[in-house]
file work_17.txt (compact mmCIF, C-alpha atoms and all ligand atoms)
# COMPACT_ATOMS: atom_id res chain seq x y z
CA MET A 1 -54.68 24.55 47.54
CA ARG A 2 -51.35 25.82 48.81
CA SER A 3 -51.41 23.19 51.53
CA VAL A 4 -51.29 20.47 48.88
CA LEU A 5 -47.89 21.73 48.04
CA MET A 6 -46.35 21.49 51.43
CA TRP A 7 -44.85 18.39 52.72
CA ALA A 8 -47.05 16.36 55.02
CA ALA A 9 -45.47 17.84 58.10
CA VAL A 10 -46.09 21.35 56.91
CA ALA A 11 -49.60 20.53 55.79
CA MET A 12 -50.33 18.90 59.10
CA ALA A 13 -48.92 21.79 61.04
CA ALA A 14 -50.85 24.31 59.00
CA VAL A 15 -53.99 22.32 59.61
CA LEU A 16 -53.21 22.28 63.29
CA VAL A 17 -52.30 25.89 63.59
CA ASN A 18 -55.68 26.82 62.17
CA VAL A 19 -57.95 23.91 62.85
CA ALA A 20 -56.55 23.10 66.20
CA VAL A 21 -59.70 23.75 67.43
CA VAL A 22 -61.89 26.11 65.88
CA ALA A 23 -64.22 26.94 68.63
CA VAL A 24 -67.53 27.07 67.18
CA ALA A 25 -67.04 27.27 63.51
CA GLN A 26 -69.38 25.02 61.57
CA GLU A 27 -72.91 24.48 60.24
CA ALA A 28 -76.56 25.72 60.51
CA GLY A 29 -80.22 24.66 59.67
CA LYS A 30 -83.44 23.82 61.25
CA THR A 31 -83.24 22.54 64.74
CA GLU A 32 -86.41 21.30 66.25
CA PRO A 33 -86.59 22.75 69.70
CA GLN A 34 -86.18 19.91 72.14
CA ALA A 35 -88.88 19.18 74.71
CA VAL A 36 -86.28 19.73 77.39
CA ALA A 37 -85.26 23.11 76.05
CA GLN A 38 -85.58 25.72 78.73
CA ALA A 39 -88.21 28.31 78.11
CA SER A 40 -86.62 31.74 77.96
CA PRO A 41 -87.89 35.22 77.25
CA GLN A 42 -86.64 34.88 73.64
CA GLY A 43 -88.21 31.46 73.10
CA PRO A 44 -86.29 28.20 72.66
CA PRO A 45 -82.96 28.32 70.78
CA THR A 46 -83.86 27.44 67.19
CA VAL A 47 -82.06 28.04 63.90
CA THR A 48 -84.08 29.44 61.03
CA VAL A 49 -82.79 27.68 57.92
CA THR A 50 -82.71 29.92 54.86
CA LYS A 51 -82.30 29.24 51.16
CA GLU A 52 -79.07 31.21 51.30
CA MET A 53 -77.76 28.88 54.00
CA ARG A 54 -78.45 25.84 51.82
CA GLN A 55 -76.77 27.48 48.82
CA HIS A 56 -73.76 28.41 50.90
CA ASP A 57 -73.51 24.85 52.17
CA ALA A 58 -73.70 23.49 48.61
CA TRP A 59 -70.95 25.89 47.47
CA ARG A 60 -68.68 25.00 50.36
CA ASN A 61 -69.03 21.28 49.75
CA ALA A 62 -68.55 21.59 46.01
CA LEU A 63 -65.43 23.70 46.56
CA TYR A 64 -64.09 21.28 49.16
CA PHE A 65 -64.37 18.17 46.99
CA GLY A 66 -63.78 19.98 43.70
CA GLY A 67 -60.77 21.74 45.20
CA ALA A 68 -59.24 18.47 46.37
CA VAL A 69 -59.60 16.85 42.95
CA TYR A 70 -58.36 19.99 41.21
CA GLY A 71 -55.29 19.99 43.48
CA PHE A 72 -54.51 16.38 42.55
CA LEU A 73 -54.92 17.20 38.85
CA VAL A 74 -52.54 20.16 39.13
CA LEU A 75 -49.80 17.92 40.53
CA LEU A 76 -50.51 15.24 37.94
CA ALA A 77 -50.37 17.81 35.16
CA VAL A 78 -47.05 19.16 36.48
CA LEU A 79 -45.64 15.62 36.22
CA ALA A 80 -47.23 14.43 32.98
CA LEU A 81 -46.70 17.63 30.97
CA GLY A 82 -42.97 17.64 31.77
CA ILE A 83 -43.20 20.86 33.83
CA SER A 84 -41.54 19.22 36.83
CA ARG A 85 -38.64 17.92 34.74
CA ARG A 86 -38.10 21.34 33.15
CA LEU A 87 -38.21 23.12 36.51
CA ARG A 88 -35.58 20.71 37.85
CA ASP A 89 -33.31 21.40 34.86
CA LEU A 90 -33.82 25.14 35.33
CA ALA A 91 -32.98 24.87 39.05
CA ARG A 92 -29.81 22.90 38.21
CA SER A 93 -28.77 25.53 35.70
CA ILE A 94 -29.10 28.19 38.42
CA THR A 95 -26.93 26.29 40.92
CA PRO A 96 -25.16 22.91 40.60
CA HIS A 97 -25.16 22.44 44.38
CA ARG A 98 -27.58 19.57 45.06
CA PHE A 99 -29.26 20.92 48.21
CA LEU A 100 -29.49 24.49 46.94
CA SER A 101 -30.87 23.46 43.57
CA ALA A 102 -33.50 21.33 45.35
CA MET A 103 -34.49 24.45 47.30
CA VAL A 104 -34.67 26.51 44.10
CA PHE A 105 -36.78 23.76 42.54
CA VAL A 106 -39.24 23.84 45.47
CA ALA A 107 -39.55 27.62 45.16
CA LEU A 108 -40.26 27.37 41.41
CA LEU A 109 -42.72 24.51 41.90
CA THR A 110 -44.54 26.44 44.62
CA VAL A 111 -44.96 29.45 42.33
CA VAL A 112 -46.18 27.30 39.42
CA THR A 113 -48.72 25.30 41.46
CA THR A 114 -49.95 28.45 43.22
CA VAL A 115 -50.60 30.12 39.88
CA LEU A 116 -52.33 26.99 38.50
CA SER A 117 -54.49 26.80 41.63
CA LEU A 118 -55.36 30.49 41.63
CA PRO A 119 -58.73 30.26 39.82
CA LEU A 120 -60.14 27.93 42.44
CA ASP A 121 -58.53 29.85 45.29
CA VAL A 122 -60.13 33.07 44.06
CA LEU A 123 -63.49 31.32 43.92
CA SER A 124 -63.33 29.77 47.39
CA GLY A 125 -61.38 32.52 49.15
CA TYR A 126 -62.84 35.63 47.56
CA VAL A 127 -65.86 35.19 45.28
CA VAL A 128 -67.99 32.89 47.45
CA PRO A 129 -67.43 34.73 50.77
CA HIS A 130 -68.38 38.00 49.04
CA ARG A 131 -71.39 36.50 47.31
CA PHE A 132 -72.76 35.40 50.71
CA ASP A 133 -71.83 38.69 52.37
CA LEU A 134 -69.32 37.02 54.68
CA SER A 135 -66.41 39.31 53.83
CA ASP A 136 -65.81 42.88 52.73
CA GLN A 137 -62.08 42.54 52.17
CA SER A 138 -60.92 44.29 49.00
CA LEU A 139 -59.47 42.21 46.16
CA GLY A 140 -56.15 44.01 46.55
CA SER A 141 -55.94 43.18 50.23
CA TRP A 142 -56.94 39.56 49.55
CA LEU A 143 -54.26 39.22 46.87
CA TRP A 144 -51.70 40.74 49.21
CA ASP A 145 -52.56 38.06 51.81
CA GLN A 146 -52.08 35.40 49.12
CA ALA A 147 -48.70 36.86 48.16
CA LYS A 148 -47.57 36.80 51.78
CA GLY A 149 -48.81 33.21 52.06
CA LEU A 150 -46.86 32.22 48.96
CA PHE A 151 -43.71 33.80 50.34
CA LEU A 152 -44.09 32.02 53.69
CA ASN A 153 -44.74 28.71 51.91
CA ILE A 154 -41.55 29.02 49.92
CA LEU A 155 -39.58 30.05 52.99
CA LEU A 156 -40.74 27.00 54.94
CA ALA A 157 -41.18 24.41 52.19
CA ALA A 158 -37.84 24.95 50.40
CA PRO A 159 -35.54 23.81 53.23
CA ILE A 160 -37.97 21.20 54.57
CA LEU A 161 -38.58 19.50 51.23
CA ALA A 162 -34.91 19.71 50.22
CA LEU A 163 -34.10 17.94 53.50
CA ALA A 164 -36.77 15.34 52.74
CA LEU A 165 -35.14 14.62 49.36
CA GLU A 166 -31.78 14.17 51.13
CA GLY A 167 -33.43 11.70 53.51
CA ILE A 168 -34.88 9.76 50.59
CA ARG A 169 -31.50 9.66 48.84
CA ARG A 170 -29.57 8.43 51.87
CA ARG A 171 -31.92 5.93 53.51
CA ARG A 172 -33.25 2.70 52.15
CA ARG A 173 -36.26 2.84 54.49
CA TRP A 174 -36.79 6.50 53.86
CA TRP A 175 -40.42 6.48 54.97
CA LEU A 176 -39.14 6.06 58.53
CA ALA A 177 -36.54 8.83 58.14
CA LEU A 178 -39.22 11.19 56.83
CA TRP A 179 -41.58 10.33 59.63
CA LEU A 180 -38.93 10.85 62.32
CA GLY A 181 -37.88 14.10 60.68
CA SER A 182 -41.45 15.34 60.46
CA ILE A 183 -41.89 15.19 64.25
CA PRO A 184 -39.49 18.01 65.27
CA ILE A 185 -40.48 20.03 62.19
CA THR A 186 -44.18 19.80 63.03
CA LEU A 187 -43.57 20.68 66.68
CA PHE A 188 -41.44 23.63 65.62
CA LEU A 189 -44.10 24.94 63.24
CA VAL A 190 -46.88 24.60 65.81
CA LEU A 191 -44.64 26.34 68.35
CA ILE A 192 -43.81 29.34 66.14
CA GLY A 193 -47.25 29.51 64.46
CA PRO A 194 -48.89 32.00 66.86
CA VAL A 195 -45.84 34.24 67.26
CA VAL A 196 -44.15 34.14 63.84
CA LEU A 197 -46.58 32.93 61.15
CA ASP A 198 -50.03 34.25 62.19
CA PRO A 199 -48.84 37.85 62.80
CA VAL A 200 -47.82 38.05 59.12
CA PHE A 201 -51.53 38.31 58.26
CA ASN A 202 -53.16 39.90 61.32
CA THR A 203 -52.54 41.97 64.42
CA PHE A 204 -52.75 40.11 67.72
CA GLU A 205 -53.10 41.89 71.04
CA PRO A 206 -54.16 41.10 74.59
CA LEU A 207 -57.94 41.30 75.13
CA LYS A 208 -58.94 44.97 75.19
CA ASP A 209 -62.44 45.03 76.76
CA GLU A 210 -61.52 45.34 80.45
CA GLU A 211 -64.90 44.23 81.80
CA LEU A 212 -65.02 41.19 79.55
CA LYS A 213 -61.41 40.48 80.36
CA THR A 214 -62.11 40.41 84.10
CA GLU A 215 -64.98 37.95 83.65
CA ILE A 216 -62.96 35.71 81.36
CA LEU A 217 -59.96 35.87 83.70
CA ASN A 218 -62.14 34.75 86.61
CA LEU A 219 -63.32 31.84 84.51
CA ALA A 220 -59.78 31.08 83.34
CA SER A 221 -58.37 31.09 86.86
CA ARG A 222 -61.04 28.58 87.90
CA ALA A 223 -60.05 26.45 84.91
CA GLY A 224 -56.37 26.83 85.89
CA ILE A 225 -55.19 28.99 82.98
CA ALA A 226 -52.91 32.01 83.40
CA GLY A 227 -54.37 35.32 82.18
CA GLY A 228 -51.59 36.29 79.76
CA ARG A 229 -52.79 33.54 77.44
CA LEU A 230 -55.85 35.45 76.17
CA TRP A 231 -55.52 37.29 72.85
CA GLN A 232 -57.74 38.98 70.31
CA VAL A 233 -57.10 39.33 66.58
CA ASP A 234 -58.42 41.77 63.95
CA LYS A 235 -60.02 39.08 61.73
CA SER A 236 -62.75 41.54 60.69
CA LYS A 237 -60.16 42.60 58.10
CA GLN A 238 -60.79 39.36 56.23
CA THR A 239 -64.18 38.01 57.30
CA LYS A 240 -67.50 38.63 59.02
CA GLU A 241 -67.61 35.05 60.33
CA MET A 242 -66.97 34.35 64.02
CA ASN A 243 -64.41 32.12 65.65
CA ALA A 244 -62.10 31.47 68.55
CA TYR A 245 -59.37 28.87 68.85
CA VAL A 246 -56.46 27.48 70.86
CA ASN A 247 -53.05 27.08 69.24
CA GLY A 248 -49.34 27.05 69.98
CA LEU A 249 -47.37 24.78 72.28
CA GLY A 250 -45.72 25.34 75.66
CA PRO A 251 -44.64 28.98 75.92
CA THR A 252 -46.69 30.04 72.86
CA LYS A 253 -49.91 28.19 73.81
CA ARG A 254 -52.84 30.62 73.83
CA ILE A 255 -56.56 31.20 73.41
CA VAL A 256 -57.41 33.61 70.59
CA LEU A 257 -60.76 35.39 70.02
CA TRP A 258 -61.57 36.93 66.66
CA ASP A 259 -62.77 40.52 67.06
CA THR A 260 -65.89 39.51 65.10
CA ILE A 261 -67.02 37.08 67.80
CA ILE A 262 -66.42 39.69 70.52
CA ALA A 263 -68.64 42.13 68.62
CA LYS A 264 -71.46 39.71 67.81
CA LEU A 265 -72.03 37.52 70.87
CA SER A 266 -73.56 38.46 74.22
CA ARG A 267 -71.43 38.36 77.36
CA ASP A 268 -72.77 34.98 78.49
CA GLN A 269 -72.43 33.50 75.01
CA LEU A 270 -68.80 34.65 74.89
CA LEU A 271 -68.14 33.14 78.31
CA PHE A 272 -69.52 29.82 77.06
CA VAL A 273 -67.28 29.97 73.96
CA MET A 274 -64.28 30.84 76.12
CA ALA A 275 -65.07 27.92 78.42
CA HIS A 276 -65.15 25.64 75.36
CA GLU A 277 -61.68 26.91 74.36
CA MET A 278 -60.47 26.49 77.92
CA GLY A 279 -61.62 22.87 77.64
CA HIS A 280 -59.25 22.39 74.69
CA TYR A 281 -56.51 24.09 76.64
CA VAL A 282 -56.93 22.24 79.93
CA ARG A 283 -57.49 18.84 78.29
CA HIS A 284 -54.30 19.22 76.15
CA HIS A 285 -56.15 18.80 72.88
CA VAL A 286 -53.35 20.27 70.77
CA TRP A 287 -51.03 17.50 71.99
CA LYS A 288 -53.68 14.82 71.52
CA LEU A 289 -54.38 15.96 67.96
CA LEU A 290 -50.66 16.09 67.21
CA GLY A 291 -50.11 12.57 68.54
CA PHE A 292 -53.03 11.29 66.53
CA LEU A 293 -51.84 12.93 63.31
CA MET A 294 -48.29 11.67 63.76
CA GLY A 295 -49.73 8.15 64.04
CA LEU A 296 -51.57 8.66 60.77
CA LEU A 297 -48.45 10.04 59.10
CA LEU A 298 -46.57 6.87 59.98
CA VAL A 299 -49.03 4.92 57.83
CA VAL A 300 -49.04 7.61 55.12
CA PHE A 301 -45.23 7.61 54.77
CA TRP A 302 -45.00 3.81 54.80
CA LEU A 303 -47.59 3.51 52.03
CA GLY A 304 -46.00 6.52 50.32
CA GLN A 305 -42.62 4.82 49.86
CA ARG A 306 -44.20 1.72 48.39
CA LEU A 307 -46.34 3.60 45.92
CA ALA A 308 -43.66 6.16 45.06
CA GLU A 309 -41.21 3.40 44.13
CA TRP A 310 -43.83 1.62 42.05
CA ALA A 311 -44.85 4.85 40.26
CA THR A 312 -41.20 5.75 39.60
CA ARG A 313 -40.64 2.39 37.88
CA ARG A 314 -43.88 2.69 35.95
CA PHE A 315 -43.88 6.40 34.93
CA GLY A 316 -40.43 7.73 35.86
CA ALA A 317 -38.97 7.48 32.35
CA ALA A 318 -41.91 9.39 30.85
CA TRP A 319 -41.91 12.01 33.59
CA GLY A 320 -38.15 12.60 33.53
CA PHE A 321 -36.73 10.98 36.69
CA ASP A 322 -35.40 7.57 37.68
CA ALA A 323 -35.45 7.78 41.48
CA PRO A 324 -37.82 9.23 44.12
CA HIS A 325 -35.03 11.48 45.44
CA ASP A 326 -34.86 13.39 42.15
CA PRO A 327 -36.45 16.80 42.74
CA ALA A 328 -38.56 16.23 39.62
CA ALA A 329 -40.27 13.39 41.56
CA LEU A 330 -41.38 15.75 44.32
CA PRO A 331 -44.85 16.44 42.83
CA LEU A 332 -45.40 12.67 42.81
CA LEU A 333 -44.58 12.42 46.53
CA LEU A 334 -46.80 15.42 47.31
CA LEU A 335 -49.59 13.92 45.23
CA LEU A 336 -49.41 10.61 47.09
CA VAL A 337 -49.36 12.26 50.51
CA SER A 338 -52.23 14.60 49.69
CA VAL A 339 -54.37 11.79 48.24
CA PHE A 340 -53.78 9.63 51.33
CA LEU A 341 -54.58 12.49 53.69
CA PHE A 342 -57.71 13.29 51.71
CA PHE A 343 -59.00 9.75 52.04
CA LEU A 344 -58.12 9.80 55.73
CA SER A 345 -60.28 12.91 56.21
CA PRO A 346 -63.15 10.96 57.81
CA VAL A 347 -60.69 9.56 60.36
CA THR A 348 -59.15 12.91 61.30
CA ALA A 349 -62.55 14.63 61.31
CA GLY A 350 -63.98 11.85 63.50
CA PHE A 351 -61.15 12.20 66.00
CA SER A 352 -61.53 15.97 66.05
CA ARG A 353 -65.29 15.66 66.68
CA ILE A 354 -64.55 13.64 69.82
CA LEU A 355 -62.27 16.40 71.15
CA GLU A 356 -64.77 19.13 70.21
CA HIS A 357 -67.57 17.35 72.01
CA GLU A 358 -65.38 16.97 75.09
CA ALA A 359 -64.74 20.74 75.02
CA ASP A 360 -68.51 21.37 74.90
CA VAL A 361 -69.01 19.03 77.88
CA PHE A 362 -66.24 20.89 79.74
CA ALA A 363 -67.80 24.28 78.96
CA LEU A 364 -71.25 23.28 80.23
CA GLU A 365 -69.85 21.67 83.36
CA LEU A 366 -67.66 24.68 84.11
CA THR A 367 -70.29 27.38 83.49
CA HIS A 368 -73.79 25.79 83.47
CA LEU A 369 -74.50 28.33 80.68
CA ASN A 370 -76.71 25.91 78.73
CA ASP A 371 -79.03 28.46 77.20
CA ALA A 372 -76.24 30.90 76.29
CA GLY A 373 -74.28 28.04 74.69
CA ALA A 374 -77.23 26.95 72.56
CA ARG A 375 -77.91 30.55 71.53
CA ALA A 376 -74.25 31.08 70.60
CA PHE A 377 -74.55 28.14 68.17
CA VAL A 378 -77.83 29.45 66.76
CA LYS A 379 -76.19 32.82 66.21
CA LEU A 380 -73.20 31.13 64.58
CA ALA A 381 -75.41 29.15 62.19
CA GLU A 382 -77.51 32.15 61.16
CA ASP A 383 -74.70 34.67 61.05
CA SER A 384 -72.13 32.56 59.17
CA LYS A 385 -74.85 30.92 57.03
CA VAL A 386 -73.91 27.38 57.93
CA LEU A 387 -76.41 24.54 57.66
CA PRO A 388 -76.99 23.08 61.15
CA ASP A 389 -77.98 19.68 59.86
CA PRO A 390 -75.77 18.73 56.88
CA HIS A 391 -76.03 15.53 54.86
CA PRO A 392 -74.73 12.56 56.94
CA PHE A 393 -72.01 11.83 54.37
CA ILE A 394 -70.74 15.42 54.56
CA ARG A 395 -70.70 15.21 58.35
CA PHE A 396 -68.85 11.87 58.21
CA TRP A 397 -66.26 13.05 55.70
CA ARG A 398 -65.35 16.55 56.76
CA TYR A 399 -67.04 17.76 59.95
CA THR A 400 -64.31 18.44 62.49
CA HIS A 401 -67.05 19.53 64.92
CA PRO A 402 -70.37 17.95 65.79
CA THR A 403 -73.10 19.56 63.67
CA LEU A 404 -74.65 22.71 65.10
CA LYS A 405 -77.93 20.85 65.47
CA GLU A 406 -76.17 18.27 67.64
CA ARG A 407 -74.41 20.95 69.65
CA ILE A 408 -77.57 22.98 70.26
CA GLN A 409 -79.41 19.85 71.29
CA PHE A 410 -76.61 18.86 73.65
CA CYS A 411 -76.51 22.32 75.24
CA THR A 412 -80.23 22.29 75.91
CA THR A 413 -80.28 18.79 77.43
CA TYR A 414 -76.98 18.19 79.25
CA ARG A 415 -77.50 18.95 82.97
CA PRO A 416 -76.21 16.01 85.05
CA TRP A 417 -75.88 18.33 88.07
CA GLU A 418 -79.66 18.67 88.24
CA GLN A 419 -79.96 14.93 88.85
CA GLY A 420 -77.06 14.88 91.29
CA LEU A 421 -74.91 12.95 88.77
CA PRO A 422 -71.11 13.45 88.59
CA ASN A 423 -69.49 15.57 85.87
CA ARG A 424 -67.69 13.77 83.02
CA VAL A 425 -64.79 16.15 82.51
CA TRP A 426 -64.70 19.15 84.84
CA GLN A 427 -64.02 18.22 88.46
CA GLY A 428 -63.93 21.67 90.08
CA ALA A 429 -66.77 23.67 91.56
CA PRO A 430 -69.45 25.01 89.15
CA GLY A 431 -70.30 28.70 88.79
CA ARG A 432 -69.42 31.68 86.62
ZN ZN B 1 -63.37 23.66 69.76
call {"tool": "encode", "arguments": {"input": "work_17.txt", "output": "structure tokens", "more": "lines below"}}
Ligand SMILES: [Zn+2]
result
Amino acid sequence: MRSVLMWAAVAMAAVLVNVAVVAVAQEAGKTEPQAVAQASPQGPPTVTVTKEMRQHDAWRNALYFGGAVYGFLVLLAVLALGISRRLRDLARSITPHRFLSAMVFVALLTVVTTVLSLPLDVLSGYVVPHRFDLSDQSLGSWLWDQAKGLFLNILLAAPILALALEGIRRRRRWWLALWLGSIPITLFLVLIGPVVLDPVFNTFEPLKDEELKTEILNLASRAGIAGGRLWQVDKSKQTKEMNAYVNGLGPTKRIVLWDTIIAKLSRDQLLFVMAHEMGHYVRHHVWKLLGFLMGLLLVVFWLGQRLAEWATRRFGAAWGFDAPHDPAALPLLLLLVSVFLFFLSPVTAGFSRILEHEADVFALELTHLNDAGARAFVKLAEDSKVLPDPHPFIRFWRYTHPTLKERIQFCTTYRPWEQGLPNRVWQGAPGR
């Protein structure tokens, strides 16, 4: 819910820092073994769908859609109940300086919306993961993470949103000013994410397992990636789920493995996952995703100005402001941006699925570890209790990765090298 609060640039960056590319993190279910599936001593890679998996899937979807609507209602309530107007007056009584009082207002608003969103955050971040045995983090430790998150949000959102209000005040076509301003801010946040923001919550260190490291480094050097870019993080503090991802830009660009995935996957499965991440790295997916999202933001800001000006004329008097650059109007701007981004979810998820599939193609072409790849996805589905074959609407709306059923099927069938056909993505020599 916190993300709703941050300006589009911040929200986008946060999405990127985390989503940029969640290696293997999605769904589970029944996958009919394909005819082509290679026989192996353990039998064909197949997910056993459990009742718990279906319940978990239902919870996650309900919390996703319910959480979005709840977030919109919180912002609407802050406007309609006069909370925003009162917070602005309070901020002005603390300091008359326009920019500083806007920053104070953002801090107060962040605290208020975080508190209002807490019930749902507790449910999705603490209760549900514990109910499905996907976390053993203590409530105290979870709350401490939330407190640190709130502090970081205020630290970042206060100056950024105060600047945005200045832009709105000074420019007639402020949608363009906001969009231009959001570019360097987003790049900056993605750049500092891995080295400044992420370490607030977890400890990052170079890969420790020397044997694994040597194998991954061999793979990385074939893919053209320098070894210092491989990190591990103590995510077992917060979750039992598995993941790996690529984030950062330029000097901070890196591949990160959660310690949970290192503990749970076999050597070959890990090499496949690493090759998938290397695909993101080598194919510049962070840049592609950023470019795509900036294109979307252009549309979001343009529409945002039109609707914000209309809503100010229509409701401004009742809500206590007469111009969109009044701090009291900020929840309205955040509401518009978050509603637009929510309805653009199928577009962003669809684009992300294309990149994720390309990374799977890259991984198979680089390693030929078809069976290990399929088994890694089976393990992911069963271990993280994710349905492999979700409802088509759910896949369309929010799946940033192909479904696990699709990924398992692809791993068991994609072998162009056996028919002497060229690779699609990886042009180097195959091997391990
Ligand atoms: Zn990925």
call {"tool": "closest_residue", "arguments": {"input": "work_17.txt", "among": "A:Trp426, A:Leu79, A:Ile94, A:Lys264", "to": "Ala311 in chain A", "atoms": "all atoms listed in the file"}}
result
A:Leu79
call {"tool": "atom_distance", "arguments": {"input": "work_17.txt", "atom1": "CA of Leu341 in chain A", "atom2": "CA of Glu277 in chain A"}}
result
26.2 Å
call {"tool": "closest_residue", "arguments": {"input": "work_17.txt", "among": "A:Gly279, A:Gly373, A:Pro416, A:Gly248", "to": "ligand ZN 1 (chain B)", "atoms": "only C-alpha atoms and all ligand atoms"}}
result
A:Gly279
call {"tool": "closest_residue", "arguments": {"input": "work_17.txt", "among": "A:Gln419, A:Gln55, A:Thr114, A:Thr400", "to": "ligand ZN 1 (chain B)", "atoms": "all atoms listed in the file"}}
result
A:Thr400
call {"tool": "atom_distance", "arguments": {"input": "work_17.txt", "atom1": "CA of Val386 in chain A", "atom2": "CA of Glu205 in chain A"}}
result
28.6 Å
call {"tool": "closest_residue", "arguments": {"input": "work_17.txt", "among": "A:Trp174, A:Phe272, A:Trp179, A:Tyr70", "to": "Ile216 in chain A", "atoms": "all atoms listed in the file"}}
result
A:Phe272
call {"tool": "atom_distance", "arguments": {"input": "work_17.txt", "atom1": "CA of Phe301 in chain A", "atom2": "CA of Pro324 in chain A"}}
result
13.1 Å
call {"tool": "residues_near_point", "arguments": {"input": "work_17.txt", "point": "(-44.2, 28.0, 48.7)", "cutoff": "10 Å", "atoms": "all atoms listed in the file", "output": "NGL selection string"}}
result
:A and (2-3 or 5-6 or 106-114 or 147-158)
call {"tool": "closest_residue", "arguments": {"input": "work_17.txt", "among": "A:Ala58, A:Leu163, A:Val47, A:Ala372", "to": "Ser101 in chain A", "atoms": "all atoms listed in the file"}}
result
A:Leu163
call {"tool": "closest_residue", "arguments": {"input": "work_17.txt", "among": "A:His130, A:Arg86, A:His285, A:Lys379", "to": "ligand ZN 1 (chain B)", "atoms": "only C-alpha atoms and all ligand atoms"}}
result
A:His285
call {"tool": "residues_near_point", "arguments": {"input": "work_17.txt", "point": "(-71.1, 34.1, 47.0)", "cutoff": "12 Å", "atoms": "all atoms listed in the file", "output": "list in words"}}
result
Glu52, Met53, Gln55, His56, Asp57, Ala58, Trp59, Arg60, Leu63, Val122, Leu123, Ser124, Gly125, Tyr126, Val127, Val128, Pro129, His130, Arg131, Phe132, Asp133, Leu134, Ser135, Asp136 and Lys385 of chain A
call {"tool": "residues_around", "arguments": {"input": "work_17.txt", "residues": "Asn423 in chain A", "least_positions_apart": "4", "cutoff": "9 Å", "atoms": "all atoms listed in the file", "output": "number ranges by chain"}}
result
A: 361-362, 365, 416-417, 427
